[in-house]
Amino acid sequence: MRVLTADHPLIQHKLTYLRDKRTDSPTFRRLAEELMTLLAYEATREVRIEPFEIDTPVARTTGIKLSNPKPLVVPILRAGLGMLEGMVRMLPSAEVGFLGMQRNEVTLEATTYANRLPDDLTNRQVFVLDPMLATGGSMVDAIRFLVERGAKDITAVTLLAAPEGIAFMQEQLADVAPPITLVTGSIDERLNEHGYIVPGLGDAGDRLYGVV
Ligand code: URA
């Protein structure tokens with residue numbers, strides 16, 4: 001698995017405000033969306049393209065366009081929804097699927113409670129969005145789910161990642177054939193005993209949408 005940390009100063013600036021506990025929900029939502037737009041630039045460096053001939057007002061030339069089938073963007077519910085707008089703004093022709101994963105706060109294990117995805121993902125390039133890579137349980141389950149349906153290559157995009165989650169992904173996905181890339185805004189210090197990323201930003205879902 002390839003791991004890319006997007007250390008652009010604008011990303012780090014916005015992440016700092018996102019981490020600040022004084023940042024309110026509307027500002028948090030806006031920052032998460034803006035951050036995703038910047039991360040999308042890194043995450044789509046290897047988006048699949050093909051040559052495309054056009055006429056400019058002056059001459060015929062060959063440019064490029066996104067290949068078919070178009071990429072699939074999959075936010076993991078609920079917190080991944082906070083990154084969706086930022087991603088599809090950069091990739092408006094992408095299709096969007098949804099995966100609902102919930103972690104048990106005691107065992108920290110992830111289960112799938114909803115899925116709205118095409119059955120057949122053969123040859124699809126997939127971008128999975130989840131702001132926090134903590135234990136890595138939901139991300140590993142989501143990626144396995146997508147690989148079983150034929151996804152061709154998968155890029156996981158997170159705002160923050162814990163070293164423990166990255167190590168878990170590397171170990172659990174070592175046998176997976178399609179290439180896997182992780183793009184993250186920061187690799188933080190560690191997970192605490194409650195499964196929160198340190199220093200992190202708290203519960204991303206709650207900070208985006210309030211406690212439900
Ligand atoms: N999920 C979150 O929202 N925050 C963490 O720190 C870890 C998992």
# chains A, B, ... in the order shown; residues from 1 in each chain; ligands from 1
$ residues_around --residues "segment 63-79 of chain A" --least-positions-apart "3" --cutoff "7 Å" --atoms "only C-alpha atoms" --output "list of chain:residue names"
A:Arg48, A:Ile49, A:Glu50, A:Pro51, A:Phe52, A:Glu53, A:Gly82, A:Leu84, A:Ser93, A:Ala94, A:Glu95, A:Val96, A:Gly97, A:Phe98, A:Leu99, A:Gly100, A:Met101, A:Arg124, A:Gln125, A:Val126, A:Phe127, A:Val128, A:Leu129, A:Asp130, A:Pro131, A:Ala204, A:Gly205
$ residues_around --residues "segment 7-21 of chain A" --least-positions-apart "5" --cutoff "8 Å" --atoms "only C-alpha atoms" --output "VMD selection string"
chain A and resid 28 31 to 32 35 38 to 39 159 185 to 186 200 to 202
$ residues_near_ligand --ligand "ligand 1" --cutoff "12 Å" --atoms "only C-alpha atoms and all ligand atoms" --output "PDB file with C-alpha atoms, in the first residue's frame"
ATOM      1  CA  ARG A  19      -8.606  20.436  15.103  1.00  0.00           C
ATOM      2  CA  ILE A  76     -18.304   5.922   4.467  1.00  0.00           C
ATOM      3  CA  LEU A  77     -21.391   7.036   6.417  1.00  0.00           C
ATOM      4  CA  ARG A  78     -21.784   9.130   8.388  1.00  0.00           C
ATOM      5  CA  ALA A  79     -18.624  11.245   8.676  1.00  0.00           C
ATOM      6  CA  GLY A  80     -17.450  10.539   5.098  1.00  0.00           C
ATOM      7  CA  GLY A  82     -18.656  15.670   5.085  1.00  0.00           C
ATOM      8  CA  MET A 101     -20.043   1.343   8.654  1.00  0.00           C
ATOM      9  CA  GLN A 102     -20.407   1.644  12.399  1.00  0.00           C
ATOM     10  CA  ARG A 103     -17.877   0.815  15.044  1.00  0.00           C
ATOM     11  CA  ASN A 104     -18.704  -0.781  18.350  1.00  0.00           C
ATOM     12  CA  GLU A 105     -17.377   1.697  20.935  1.00  0.00           C
ATOM     13  CA  LEU A 108     -13.830  -0.952  18.328  1.00  0.00           C
ATOM     14  CA  GLU A 109     -14.875  -3.445  15.602  1.00  0.00           C
ATOM     15  CA  ALA A 110     -16.626  -2.194  12.461  1.00  0.00           C
ATOM     16  CA  ASP A 130     -13.562   8.705   5.654  1.00  0.00           C
ATOM     17  CA  PRO A 131     -12.147  11.623   7.637  1.00  0.00           C
ATOM     18  CA  MET A 132     -10.536   9.577  10.410  1.00  0.00           C
ATOM     19  CA  LEU A 133      -8.355   6.490   9.935  1.00  0.00           C
ATOM     20  CA  ALA A 134      -8.258   5.330  13.568  1.00  0.00           C
ATOM     21  CA  THR A 135      -8.016   1.544  14.150  1.00  0.00           C
ATOM     22  CA  GLY A 136      -8.458   1.039  10.385  1.00  0.00           C
ATOM     23  CA  GLY A 137     -11.270  -1.505  10.922  1.00  0.00           C
ATOM     24  CA  SER A 138     -13.949   0.284   8.847  1.00  0.00           C
ATOM     25  CA  MET A 139     -11.530   1.170   6.083  1.00  0.00           C
ATOM     26  CA  THR A 158      -8.697  10.624   5.077  1.00  0.00           C
ATOM     27  CA  LEU A 159      -8.169  13.963   6.779  1.00  0.00           C
ATOM     28  CA  LEU A 160      -6.155  12.355   9.605  1.00  0.00           C
ATOM     29  CA  ALA A 161      -4.594   8.945  10.125  1.00  0.00           C
ATOM     30  CA  ALA A 162      -3.213   7.139  13.174  1.00  0.00           C
ATOM     31  CA  GLU A 164      -1.932   2.100  14.172  1.00  0.00           C
ATOM     32  CA  GLY A 165      -4.597   2.363  11.449  1.00  0.00           C
ATOM     33  CA  ASP A 188      -0.915  11.898  13.925  1.00  0.00           C
ATOM     34  CA  GLU A 189       0.876  10.535  17.009  1.00  0.00           C
ATOM     35  CA  ARG A 190      -1.249   7.604  18.171  1.00  0.00           C
ATOM     36  CA  LEU A 191      -4.636   6.260  19.255  1.00  0.00           C
ATOM     37  CA  ASN A 192      -5.719   6.687  22.862  1.00  0.00           C
ATOM     38  CA  GLU A 193      -7.392   3.970  24.945  1.00  0.00           C
ATOM     39  CA  HIS A 194     -10.841   5.028  23.658  1.00  0.00           C
ATOM     40  CA  GLY A 195      -9.795   4.664  20.014  1.00  0.00           C
ATOM     41  CA  TYR A 196      -9.499   8.417  19.412  1.00  0.00           C
ATOM     42  CA  ILE A 197      -6.689   9.849  17.336  1.00  0.00           C
ATOM     43  CA  VAL A 198      -4.216  11.982  19.351  1.00  0.00           C
ATOM     44  CA  PRO A 199      -4.039  14.958  18.961  1.00  0.00           C
ATOM     45  CA  GLY A 200      -6.786  14.398  16.353  1.00  0.00           C
ATOM     46  CA  LEU A 201      -9.923  16.519  16.240  1.00  0.00           C
ATOM     47  CA  GLY A 202     -12.378  14.546  18.379  1.00  0.00           C
ATOM     48  CA  ASP A 203     -15.395  12.744  16.915  1.00  0.00           C
ATOM     49  CA  ALA A 204     -15.572  13.871  13.287  1.00  0.00           C
ATOM     50  CA  GLY A 205     -19.247  12.833  12.857  1.00  0.00           C
ATOM     51  CA  ASP A 206     -20.332  14.732  15.969  1.00  0.00           C
ATOM     52  CA  ARG A 207     -18.328  17.803  15.033  1.00  0.00           C
ATOM     53  CA  LEU A 208     -19.819  17.779  11.513  1.00  0.00           C
ATOM     54  CA  TYR A 209     -23.403  17.009  12.359  1.00  0.00           C
ATOM     55  CA  GLY A 210     -23.877  17.350  16.129  1.00  0.00           C
ATOM     56  CA  VAL A 211     -24.476  14.438  18.507  1.00  0.00           C
TER      57      VAL A 211
END
$ select_by_dssp --residues "segment 129-197 of chain A" --states "helix (DSSP H, G or I)" --output "list in words"
Gly137, Ser138, Met139, Val140, Asp141, Ala142, Ile143, Arg144, Phe145, Leu146, Val147, Glu148, Pro163, Glu164, Gly165, Ile166, Ala167, Phe168, Met169, Gln170, Glu171 and Gln172 of chain A
$ select_by_dssp --residues "segment 130-206 of chain A" --states "strand (DSSP E)" --output "PyMOL selection string"
chain A and resi 132-133+153-161+180-187+190-191+197-198
$ closest_residue --among "A:Asp24, A:Val176, A:Arg89, A:Thr181" --to "Glu42 of chain A" --atoms "only C-alpha atoms"
A:Thr181
$ atom_distance --atom1 "atom CA of Thr184 of chain A" --atom2 "atom CA of Phe168 of chain A"
15.4 Å
$ closest_residue --among "A:Leu121, A:Val88, A:Val58, A:Val183" --to "Arg45 of chain A" --atoms "only C-alpha atoms"
A:Val183
$ closest_residue --among "A:Leu81, A:Ile54, A:Ala177, A:Met90" --to "Ala40 of chain A" --atoms "only C-alpha atoms"
A:Met90
$ decode --residues "segment 115-160 of chain A" --atoms "N, CA and C atoms" --output "PDB file, in the first residue's frame"
ATOM      1  N   ASN A 115     -25.489  -0.426   2.409  1.00  0.00           N
ATOM      2  CA  ASN A 115     -24.634  -0.372   1.230  1.00  0.00           C
ATOM      3  C   ASN A 115     -25.472  -0.014   0.022  1.00  0.00           C
ATOM      4  N   ARG A 116     -25.066   1.006  -0.652  1.00  0.00           N
ATOM      5  CA  ARG A 116     -25.746   1.428  -1.878  1.00  0.00           C
ATOM      6  C   ARG A 116     -24.646   1.628  -2.922  1.00  0.00           C
ATOM      7  N   LEU A 117     -24.299   0.500  -3.570  1.00  0.00           N
ATOM      8  CA  LEU A 117     -23.181   0.506  -4.521  1.00  0.00           C
ATOM      9  C   LEU A 117     -23.590  -0.319  -5.734  1.00  0.00           C
ATOM     10  N   PRO A 118     -22.991  -0.054  -6.911  1.00  0.00           N
ATOM     11  CA  PRO A 118     -23.245  -0.975  -8.021  1.00  0.00           C
ATOM     12  C   PRO A 118     -22.758  -2.373  -7.614  1.00  0.00           C
ATOM     13  N   ASP A 119     -23.501  -3.457  -8.033  1.00  0.00           N
ATOM     14  CA  ASP A 119     -23.083  -4.823  -7.674  1.00  0.00           C
ATOM     15  C   ASP A 119     -21.744  -5.152  -8.292  1.00  0.00           C
ATOM     16  N   ASP A 120     -21.579  -4.683  -9.542  1.00  0.00           N
ATOM     17  CA  ASP A 120     -20.376  -5.038 -10.280  1.00  0.00           C
ATOM     18  C   ASP A 120     -19.460  -3.819 -10.385  1.00  0.00           C
ATOM     19  N   LEU A 121     -18.310  -3.931  -9.797  1.00  0.00           N
ATOM     20  CA  LEU A 121     -17.356  -2.801  -9.841  1.00  0.00           C
ATOM     21  C   LEU A 121     -16.162  -3.146 -10.724  1.00  0.00           C
ATOM     22  N   THR A 122     -16.321  -4.137 -11.604  1.00  0.00           N
ATOM     23  CA  THR A 122     -15.214  -4.582 -12.438  1.00  0.00           C
ATOM     24  C   THR A 122     -14.614  -3.387 -13.160  1.00  0.00           C
ATOM     25  N   ASN A 123     -13.310  -3.267 -13.024  1.00  0.00           N
ATOM     26  CA  ASN A 123     -12.564  -2.200 -13.704  1.00  0.00           C
ATOM     27  C   ASN A 123     -12.788  -0.798 -13.161  1.00  0.00           C
ATOM     28  N   ARG A 124     -13.510  -0.659 -12.056  1.00  0.00           N
ATOM     29  CA  ARG A 124     -13.767   0.689 -11.535  1.00  0.00           C
ATOM     30  C   ARG A 124     -12.599   1.152 -10.677  1.00  0.00           C
ATOM     31  N   GLN A 125     -12.294   2.419 -10.854  1.00  0.00           N
ATOM     32  CA  GLN A 125     -11.356   3.080  -9.958  1.00  0.00           C
ATOM     33  C   GLN A 125     -12.211   3.682  -8.843  1.00  0.00           C
ATOM     34  N   VAL A 126     -11.859   3.419  -7.598  1.00  0.00           N
ATOM     35  CA  VAL A 126     -12.732   3.825  -6.490  1.00  0.00           C
ATOM     36  C   VAL A 126     -11.971   4.708  -5.497  1.00  0.00           C
ATOM     37  N   PHE A 127     -12.638   5.764  -5.047  1.00  0.00           N
ATOM     38  CA  PHE A 127     -12.106   6.651  -4.014  1.00  0.00           C
ATOM     39  C   PHE A 127     -12.994   6.513  -2.789  1.00  0.00           C
ATOM     40  N   VAL A 128     -12.415   6.051  -1.683  1.00  0.00           N
ATOM     41  CA  VAL A 128     -13.182   5.846  -0.443  1.00  0.00           C
ATOM     42  C   VAL A 128     -12.881   7.002   0.502  1.00  0.00           C
ATOM     43  N   LEU A 129     -13.922   7.645   1.008  1.00  0.00           N
ATOM     44  CA  LEU A 129     -13.730   8.822   1.859  1.00  0.00           C
ATOM     45  C   LEU A 129     -14.145   8.536   3.300  1.00  0.00           C
ATOM     46  N   ASP A 130     -13.249   8.801   4.223  1.00  0.00           N
ATOM     47  CA  ASP A 130     -13.562   8.705   5.654  1.00  0.00           C
ATOM     48  C   ASP A 130     -12.591   9.638   6.363  1.00  0.00           C
ATOM     49  N   PRO A 131     -13.087  10.624   7.113  1.00  0.00           N
ATOM     50  CA  PRO A 131     -12.147  11.623   7.637  1.00  0.00           C
ATOM     51  C   PRO A 131     -11.093  11.067   8.575  1.00  0.00           C
ATOM     52  N   MET A 132     -11.456  10.027   9.371  1.00  0.00           N
ATOM     53  CA  MET A 132     -10.536   9.577  10.410  1.00  0.00           C
ATOM     54  C   MET A 132     -10.120   8.123  10.184  1.00  0.00           C
ATOM     55  N   LEU A 133      -8.846   7.871   9.957  1.00  0.00           N
ATOM     56  CA  LEU A 133      -8.355   6.490   9.935  1.00  0.00           C
ATOM     57  C   LEU A 133      -7.811   6.208  11.338  1.00  0.00           C
ATOM     58  N   ALA A 134      -8.635   5.561  12.165  1.00  0.00           N
ATOM     59  CA  ALA A 134      -8.258   5.330  13.568  1.00  0.00           C
ATOM     60  C   ALA A 134      -7.683   3.922  13.697  1.00  0.00           C
ATOM     61  N   THR A 135      -8.525   2.926  14.083  1.00  0.00           N
ATOM     62  CA  THR A 135      -8.016   1.544  14.150  1.00  0.00           C
ATOM     63  C   THR A 135      -7.810   0.982  12.738  1.00  0.00           C
ATOM     64  N   GLY A 136      -8.538   1.537  11.762  1.00  0.00           N
ATOM     65  CA  GLY A 136      -8.458   1.039  10.385  1.00  0.00           C
ATOM     66  C   GLY A 136      -9.499  -0.022  10.088  1.00  0.00           C
ATOM     67  N   GLY A 137     -10.294  -0.425  11.104  1.00  0.00           N
ATOM     68  CA  GLY A 137     -11.270  -1.505  10.922  1.00  0.00           C
ATOM     69  C   GLY A 137     -12.290  -1.214   9.826  1.00  0.00           C
ATOM     70  N   SER A 138     -12.921  -0.019   9.864  1.00  0.00           N
ATOM     71  CA  SER A 138     -13.949   0.284   8.847  1.00  0.00           C
ATOM     72  C   SER A 138     -13.319   0.383   7.468  1.00  0.00           C
ATOM     73  N   MET A 139     -12.153   0.999   7.392  1.00  0.00           N
ATOM     74  CA  MET A 139     -11.530   1.170   6.083  1.00  0.00           C
ATOM     75  C   MET A 139     -11.141  -0.174   5.469  1.00  0.00           C
ATOM     76  N   VAL A 140     -10.608  -1.076   6.282  1.00  0.00           N
ATOM     77  CA  VAL A 140     -10.238  -2.399   5.771  1.00  0.00           C
ATOM     78  C   VAL A 140     -11.490  -3.145   5.302  1.00  0.00           C
ATOM     79  N   ASP A 141     -12.561  -3.100   6.099  1.00  0.00           N
ATOM     80  CA  ASP A 141     -13.803  -3.772   5.697  1.00  0.00           C
ATOM     81  C   ASP A 141     -14.344  -3.174   4.405  1.00  0.00           C
ATOM     82  N   ALA A 142     -14.326  -1.850   4.311  1.00  0.00           N
ATOM     83  CA  ALA A 142     -14.850  -1.184   3.107  1.00  0.00           C
ATOM     84  C   ALA A 142     -14.032  -1.595   1.888  1.00  0.00           C
ATOM     85  N   ILE A 143     -12.720  -1.610   2.025  1.00  0.00           N
ATOM     86  CA  ILE A 143     -11.863  -1.943   0.873  1.00  0.00           C
ATOM     87  C   ILE A 143     -12.057  -3.404   0.464  1.00  0.00           C
ATOM     88  N   ARG A 144     -12.156  -4.293   1.445  1.00  0.00           N
ATOM     89  CA  ARG A 144     -12.386  -5.710   1.105  1.00  0.00           C
ATOM     90  C   ARG A 144     -13.706  -5.877   0.346  1.00  0.00           C
ATOM     91  N   PHE A 145     -14.733  -5.178   0.804  1.00  0.00           N
ATOM     92  CA  PHE A 145     -16.062  -5.188   0.190  1.00  0.00           C
ATOM     93  C   PHE A 145     -15.964  -4.764  -1.288  1.00  0.00           C
ATOM     94  N   LEU A 146     -15.187  -3.707  -1.538  1.00  0.00           N
ATOM     95  CA  LEU A 146     -15.047  -3.175  -2.901  1.00  0.00           C
ATOM     96  C   LEU A 146     -14.209  -4.105  -3.773  1.00  0.00           C
ATOM     97  N   VAL A 147     -13.181  -4.699  -3.187  1.00  0.00           N
ATOM     98  CA  VAL A 147     -12.318  -5.619  -3.952  1.00  0.00           C
ATOM     99  C   VAL A 147     -13.119  -6.861  -4.348  1.00  0.00           C
ATOM    100  N   GLU A 148     -13.963  -7.361  -3.429  1.00  0.00           N
ATOM    101  CA  GLU A 148     -14.786  -8.542  -3.747  1.00  0.00           C
ATOM    102  C   GLU A 148     -15.711  -8.266  -4.924  1.00  0.00           C
ATOM    103  N   ARG A 149     -16.104  -7.017  -5.124  1.00  0.00           N
ATOM    104  CA  ARG A 149     -16.994  -6.665  -6.231  1.00  0.00           C
ATOM    105  C   ARG A 149     -16.227  -6.254  -7.483  1.00  0.00           C
ATOM    106  N   GLY A 150     -14.909  -6.400  -7.472  1.00  0.00           N
ATOM    107  CA  GLY A 150     -14.126  -6.237  -8.713  1.00  0.00           C
ATOM    108  C   GLY A 150     -13.419  -4.912  -8.890  1.00  0.00           C
ATOM    109  N   ALA A 151     -13.393  -4.048  -7.855  1.00  0.00           N
ATOM    110  CA  ALA A 151     -12.737  -2.731  -8.016  1.00  0.00           C
ATOM    111  C   ALA A 151     -11.303  -2.909  -8.508  1.00  0.00           C
ATOM    112  N   LYS A 152     -10.890  -2.025  -9.396  1.00  0.00           N
ATOM    113  CA  LYS A 152      -9.587  -2.187 -10.063  1.00  0.00           C
ATOM    114  C   LYS A 152      -8.450  -1.539  -9.267  1.00  0.00           C
ATOM    115  N   ASP A 153      -8.670  -0.326  -8.816  1.00  0.00           N
ATOM    116  CA  ASP A 153      -7.714   0.241  -7.870  1.00  0.00           C
ATOM    117  C   ASP A 153      -8.456   1.170  -6.925  1.00  0.00           C
ATOM    118  N   ILE A 154      -7.934   1.266  -5.725  1.00  0.00           N
ATOM    119  CA  ILE A 154      -8.680   1.940  -4.663  1.00  0.00           C
ATOM    120  C   ILE A 154      -7.782   2.960  -3.973  1.00  0.00           C
ATOM    121  N   THR A 155      -8.311   4.171  -3.833  1.00  0.00           N
ATOM    122  CA  THR A 155      -7.605   5.209  -3.080  1.00  0.00           C
ATOM    123  C   THR A 155      -8.462   5.576  -1.885  1.00  0.00           C
ATOM    124  N   ALA A 156      -7.899   5.409  -0.692  1.00  0.00           N
ATOM    125  CA  ALA A 156      -8.585   5.827   0.534  1.00  0.00           C
ATOM    126  C   ALA A 156      -8.136   7.245   0.831  1.00  0.00           C
ATOM    127  N   VAL A 157      -9.098   8.136   1.118  1.00  0.00           N
ATOM    128  CA  VAL A 157      -8.738   9.519   1.432  1.00  0.00           C
ATOM    129  C   VAL A 157      -9.233   9.830   2.834  1.00  0.00           C
ATOM    130  N   THR A 158      -8.318  10.271   3.707  1.00  0.00           N
ATOM    131  CA  THR A 158      -8.697  10.624   5.077  1.00  0.00           C
ATOM    132  C   THR A 158      -8.095  11.982   5.422  1.00  0.00           C
ATOM    133  N   LEU A 159      -8.746  12.697   6.324  1.00  0.00           N
ATOM    134  CA  LEU A 159      -8.169  13.963   6.779  1.00  0.00           C
ATOM    135  C   LEU A 159      -6.998  13.676   7.706  1.00  0.00           C
ATOM    136  N   LEU A 160      -7.205  12.734   8.657  1.00  0.00           N
ATOM    137  CA  LEU A 160      -6.155  12.355   9.605  1.00  0.00           C
ATOM    138  C   LEU A 160      -6.009  10.841   9.614  1.00  0.00           C
TER     139      LEU A 160
END
